[in-house]
Structure formats: C-alpha cells, structure tokens
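Q: Data file data32.pdb (PDB, C-alpha atoms) is appended below.
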```pdb
ATOM      1  CA  MET A   1     -28.109  -2.286   8.888  1.00  0.00           C
ATOM      2  CA  THR A   2     -29.505  -0.507   5.866  1.00  0.00           C
ATOM      3  CA  ILE A   3     -27.665   2.162   3.936  1.00  0.00           C
ATOM      4  CA  SER A   4     -29.611   5.010   2.395  1.00  0.00           C
ATOM      5  CA  PHE A   5     -29.127   6.204  -1.163  1.00  0.00           C
ATOM      6  CA  GLU A   6     -27.859   9.512   0.232  1.00  0.00           C
ATOM      7  CA  GLU A   7     -25.091   7.688   2.088  1.00  0.00           C
ATOM      8  CA  VAL A   8     -24.188   5.739  -1.067  1.00  0.00           C
ATOM      9  CA  GLU A   9     -24.128   8.998  -3.038  1.00  0.00           C
ATOM     10  CA  HIS A  10     -21.922  10.584  -0.367  1.00  0.00           C
ATOM     11  CA  VAL A  11     -19.437   7.694  -0.460  1.00  0.00           C
ATOM     12  CA  ALA A  12     -19.490   7.779  -4.273  1.00  0.00           C
ATOM     13  CA  LEU A  13     -18.752  11.505  -4.183  1.00  0.00           C
ATOM     14  CA  LEU A  14     -15.816  10.953  -1.827  1.00  0.00           C
ATOM     15  CA  ALA A  15     -14.501   8.206  -4.115  1.00  0.00           C
ATOM     16  CA  ARG A  16     -15.122  10.356  -7.197  1.00  0.00           C
ATOM     17  CA  LEU A  17     -17.482   7.772  -8.689  1.00  0.00           C
ATOM     18  CA  GLN A  18     -20.456   8.441 -10.899  1.00  0.00           C
ATOM     19  CA  LEU A  19     -23.090   5.819 -10.209  1.00  0.00           C
ATOM     20  CA  LYS A  20     -26.324   5.056 -12.025  1.00  0.00           C
ATOM     21  CA  GLU A  21     -29.525   4.397 -10.062  1.00  0.00           C
ATOM     22  CA  LYS A  22     -29.189   0.597 -10.474  1.00  0.00           C
ATOM     23  CA  GLU A  23     -25.613   0.762  -9.196  1.00  0.00           C
ATOM     24  CA  LYS A  24     -26.674   2.832  -6.196  1.00  0.00           C
ATOM     25  CA  GLU A  25     -29.217   0.155  -5.272  1.00  0.00           C
ATOM     26  CA  LYS A  26     -26.640  -2.592  -5.698  1.00  0.00           C
ATOM     27  CA  TYR A  27     -23.986  -0.765  -3.652  1.00  0.00           C
ATOM     28  CA  ALA A  28     -26.476   0.106  -0.916  1.00  0.00           C
ATOM     29  CA  GLU A  29     -27.257  -3.601  -0.628  1.00  0.00           C
ATOM     30  CA  HIS A  30     -23.561  -4.600  -0.626  1.00  0.00           C
ATOM     31  CA  MET A  31     -22.553  -1.941   1.881  1.00  0.00           C
ATOM     32  CA  GLY A  32     -25.457  -2.940   4.112  1.00  0.00           C
ATOM     33  CA  SER A  33     -24.356  -6.575   4.106  1.00  0.00           C
ATOM     34  CA  ILE A  34     -20.786  -5.530   4.942  1.00  0.00           C
ATOM     35  CA  LEU A  35     -22.005  -3.475   7.890  1.00  0.00           C
ATOM     36  CA  GLN A  36     -24.176  -6.370   9.078  1.00  0.00           C
ATOM     37  CA  TYR A  37     -21.085  -8.579   9.076  1.00  0.00           C
ATOM     38  CA  VAL A  38     -19.150  -5.957  11.033  1.00  0.00           C
ATOM     39  CA  ASP A  39     -21.990  -5.832  13.570  1.00  0.00           C
ATOM     40  CA  LYS A  40     -21.768  -9.608  13.840  1.00  0.00           C
ATOM     41  CA  LEU A  41     -18.019  -9.353  14.497  1.00  0.00           C
ATOM     42  CA  GLN A  42     -18.649  -6.740  17.191  1.00  0.00           C
ATOM     43  CA  GLN A  43     -20.610  -9.371  19.140  1.00  0.00           C
ATOM     44  CA  LEU A  44     -17.568 -11.639  19.511  1.00  0.00           C
ATOM     45  CA  ASP A  45     -15.998 -11.907  22.934  1.00  0.00           C
ATOM     46  CA  THR A  46     -12.442 -10.628  22.536  1.00  0.00           C
ATOM     47  CA  GLU A  47     -11.678 -10.331  26.245  1.00  0.00           C
ATOM     48  CA  GLY A  48      -8.065 -11.313  26.861  1.00  0.00           C
ATOM     49  CA  VAL A  49      -7.180 -11.448  23.164  1.00  0.00           C
ATOM     50  CA  GLU A  50      -4.055  -9.444  22.379  1.00  0.00           C
ATOM     51  CA  PRO A  51      -4.267  -7.254  19.266  1.00  0.00           C
ATOM     52  CA  LEU A  52      -1.917  -8.318  16.483  1.00  0.00           C
ATOM     53  CA  ASP A  53       0.457  -6.074  14.579  1.00  0.00           C
ATOM     54  CA  HIS A  54       1.564  -8.975  12.399  1.00  0.00           C
ATOM     55  CA  ILE A  55       0.427 -12.552  12.022  1.00  0.00           C
ATOM     56  CA  LEU A  56       4.001 -13.853  12.049  1.00  0.00           C
ATOM     57  CA  PRO A  57       6.688 -12.890  14.562  1.00  0.00           C
ATOM     58  CA  VAL A  58       8.777  -9.937  13.403  1.00  0.00           C
ATOM     59  CA  PHE A  59      12.540 -10.011  13.685  1.00  0.00           C
ATOM     60  CA  ASN A  60      15.432  -8.189  12.086  1.00  0.00           C
ATOM     61  CA  ILE A  61      16.896 -10.123   9.145  1.00  0.00           C
ATOM     62  CA  PHE A  62      19.546  -7.571   8.254  1.00  0.00           C
ATOM     63  CA  ARG A  63      23.175  -8.519   8.493  1.00  0.00           C
ATOM     64  CA  GLU A  64      25.729  -6.461  10.341  1.00  0.00           C
ATOM     65  CA  ASP A  65      27.526  -3.799   8.310  1.00  0.00           C
ATOM     66  CA  GLN A  66      31.036  -4.743   7.332  1.00  0.00           C
ATOM     67  CA  VAL A  67      33.647  -2.265   6.213  1.00  0.00           C
ATOM     68  CA  LYS A  68      35.286  -3.378   2.973  1.00  0.00           C
ATOM     69  CA  PRO A  69      37.699  -1.602   0.685  1.00  0.00           C
ATOM     70  CA  ALA A  70      35.991   0.149  -2.225  1.00  0.00           C
ATOM     71  CA  PRO A  71      36.708  -1.049  -5.767  1.00  0.00           C
ATOM     72  CA  LYS A  72      39.064   1.029  -7.870  1.00  0.00           C
ATOM     73  CA  ARG A  73      37.511   3.835  -9.902  1.00  0.00           C
ATOM     74  CA  GLU A  74      38.686   2.233 -13.164  1.00  0.00           C
ATOM     75  CA  GLU A  75      36.834  -0.984 -12.314  1.00  0.00           C
ATOM     76  CA  ILE A  76      33.630   0.919 -11.555  1.00  0.00           C
ATOM     77  CA  LEU A  77      33.788   3.013 -14.727  1.00  0.00           C
ATOM     78  CA  ALA A  78      34.697   0.013 -16.924  1.00  0.00           C
ATOM     79  CA  ASN A  79      31.003  -0.821 -17.460  1.00  0.00           C
ATOM     80  CA  ALA A  80      29.857   2.730 -18.199  1.00  0.00           C
ATOM     81  CA  PRO A  81      28.852   3.481 -21.809  1.00  0.00           C
ATOM     82  CA  LEU A  82      30.475   6.950 -21.694  1.00  0.00           C
ATOM     83  CA  VAL A  83      33.238   8.194 -19.406  1.00  0.00           C
ATOM     84  CA  GLU A  84      34.853  11.625 -19.373  1.00  0.00           C
ATOM     85  CA  ALA A  85      37.459  12.955 -16.909  1.00  0.00           C
ATOM     86  CA  GLY A  86      37.006   9.954 -14.595  1.00  0.00           C
ATOM     87  CA  GLN A  87      33.233  10.392 -14.323  1.00  0.00           C
ATOM     88  CA  TYR A  88      30.096   8.993 -15.927  1.00  0.00           C
ATOM     89  CA  LYS A  89      29.001  11.044 -18.911  1.00  0.00           C
ATOM     90  CA  VAL A  90      25.271  11.206 -19.588  1.00  0.00           C
ATOM     91  CA  PRO A  91      23.282  12.967 -22.292  1.00  0.00           C
ATOM     92  CA  LYS A  92      22.110  16.494 -21.527  1.00  0.00           C
ATOM     93  CA  ILE A  93      18.439  16.468 -20.572  1.00  0.00           C
ATOM     94  CA  ILE A  94      17.540  20.133 -20.327  1.00  0.00           C
TER      95      ILE A  94
END
```
Would it be possible to restate this file's structure as structure tokens?
A:
Amino acid sequence: MTISFEEVEHVALLARLQLKEKEKEKYAEHMGSILQYVDKLQQLDTEGVEPLDHILPVFNIFREDQVKPAPKREEILANAPLVEAGQYKVPKII
C-alpha cells in the first residue's frame, strides 16, 4: 500500500513535526512498508484464537491487610529534621 505525501504531511501535522521533502519521501516509504506488513497480518487465519490481554497469566500478588499497632508519635518524629508542637515543621513555601 502506498502512502501519499498529503497523508504523510497530515500525520506530521498531527504529530507536530516539521518534515523536509526528503524526510517526507522516506516516511512515506516506511509507512507504506508498515501498512503492507499489516495487510500481510490480516491474511492470517485467526479462527479459534482467543485474544490475549496479557502474555502471562495475571493473578493478585498482594498480601492480606493486617492490623498492627501504630508506632508512637515520638518514634515517628525522631527522624524529622524539624519538629514543633508534635508535628513536622517545614519551611514556608509561599
């Protein structure tokens, strides 16, 4: 399947690309070969072949939630560079 320069220019416009004339020729050739390959794939017999969502089987790897007691506030704040009134103190941004 051949791609016209107008189609290459349209795709370049959508992709916000500025192409030179040589590049348009090159991309028309590349896009044409890609579409030829897609046409070739369309000829394959896929009757009875299930579509895949994933190549590998998908399963949940998460562990069950477990309720644990929270650490003490002093332990949490021990690693903070600045603490004031039992809270993290950060520099003013605005």
Q: Given the file shown, enumerate the residues that the PyMOL selection byres ((chain A and resi 7) around 12) captures and present them as a list in words.
A: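 Here the PyMOL selection byres ((chain A and resi 7) around 12) matches Thr2, Ile3, Ser4, Phe5, Glu6, Val8, Glu9, His10, Val11, Ala12, Leu13, Leu14, Lys24, Glu25, Tyr27, Ala28, Glu29, Met31 and Gly32 of chain A.
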Q: Could you jot down the atom CA of A:Pro81 to atom CA of A:Ile93 separation for me, Å, one decimal place?
A: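 Computed distance, atom CA of A:Pro81 to atom CA of A:Ile93, equals 16.7 Å.
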Q: Between atom CA of A:Glu50 and atom CA of A:Val38, what is the distance in Å, rounded to a tenth?
A: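 Between atom CA of A:Glu50 and atom CA of A:Val38 the gap works out to 19.2 Å.
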Q: Quick one: residues within 8 Å of stretch 68-79 of chain A, all atoms listed in the file counted, chain neighbours fewer than 5 positions away excluded, as a list of chain:residue names?
A: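 Within the cut-off, the hits are A:Gly86, A:Gln87, A:Tyr88.
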Q: Can you write out the residues you just picked, keeping C-alpha atoms, as an mmCIF file, in the frame of the given file?
A:
```
data_model
loop_
_atom_site.group_PDB
_atom_site.id
_atom_site.type_symbol
_atom_site.label_atom_id
_atom_site.label_comp_id
_atom_site.auth_asym_id
_atom_site.auth_seq_id
_atom_site.Cartn_x
_atom_site.Cartn_y
_atom_site.Cartn_z
ATOM 1 C CA GLY A 86 37.006 9.954 -14.595
ATOM 2 C CA GLN A 87 33.233 10.392 -14.323
ATOM 3 C CA TYR A 88 30.096 8.993 -15.927
#
```
Q: So how many Å separate atom CA of A:Ile34 and atom CA of A:Met1, to one decimal?
A: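 One can read the atom CA of A:Ile34 to atom CA of A:Met1 distance as 8.9 Å.
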Q: Put a box with edges along x, y and z around all the listed atoms of stretch 55-59 of chain A, pad it by 5 Å on each side, then give me its centre and sizes in Å, one decimal, as lines of an AutoDock Vina configuration file.
A:
```
center_x = 6.5
center_y = -11.9
center_z = 13.3
size_x = 22.1
size_y = 13.9
size_z = 12.5
```
Q: Please identify all polymer residues within 10 Å of A:Val90, counting only C-alpha atoms, omitting same-chain residues fewer than 5 positions from it, and present them as a PyMOL selection string.
A: chain A and resi 80-84
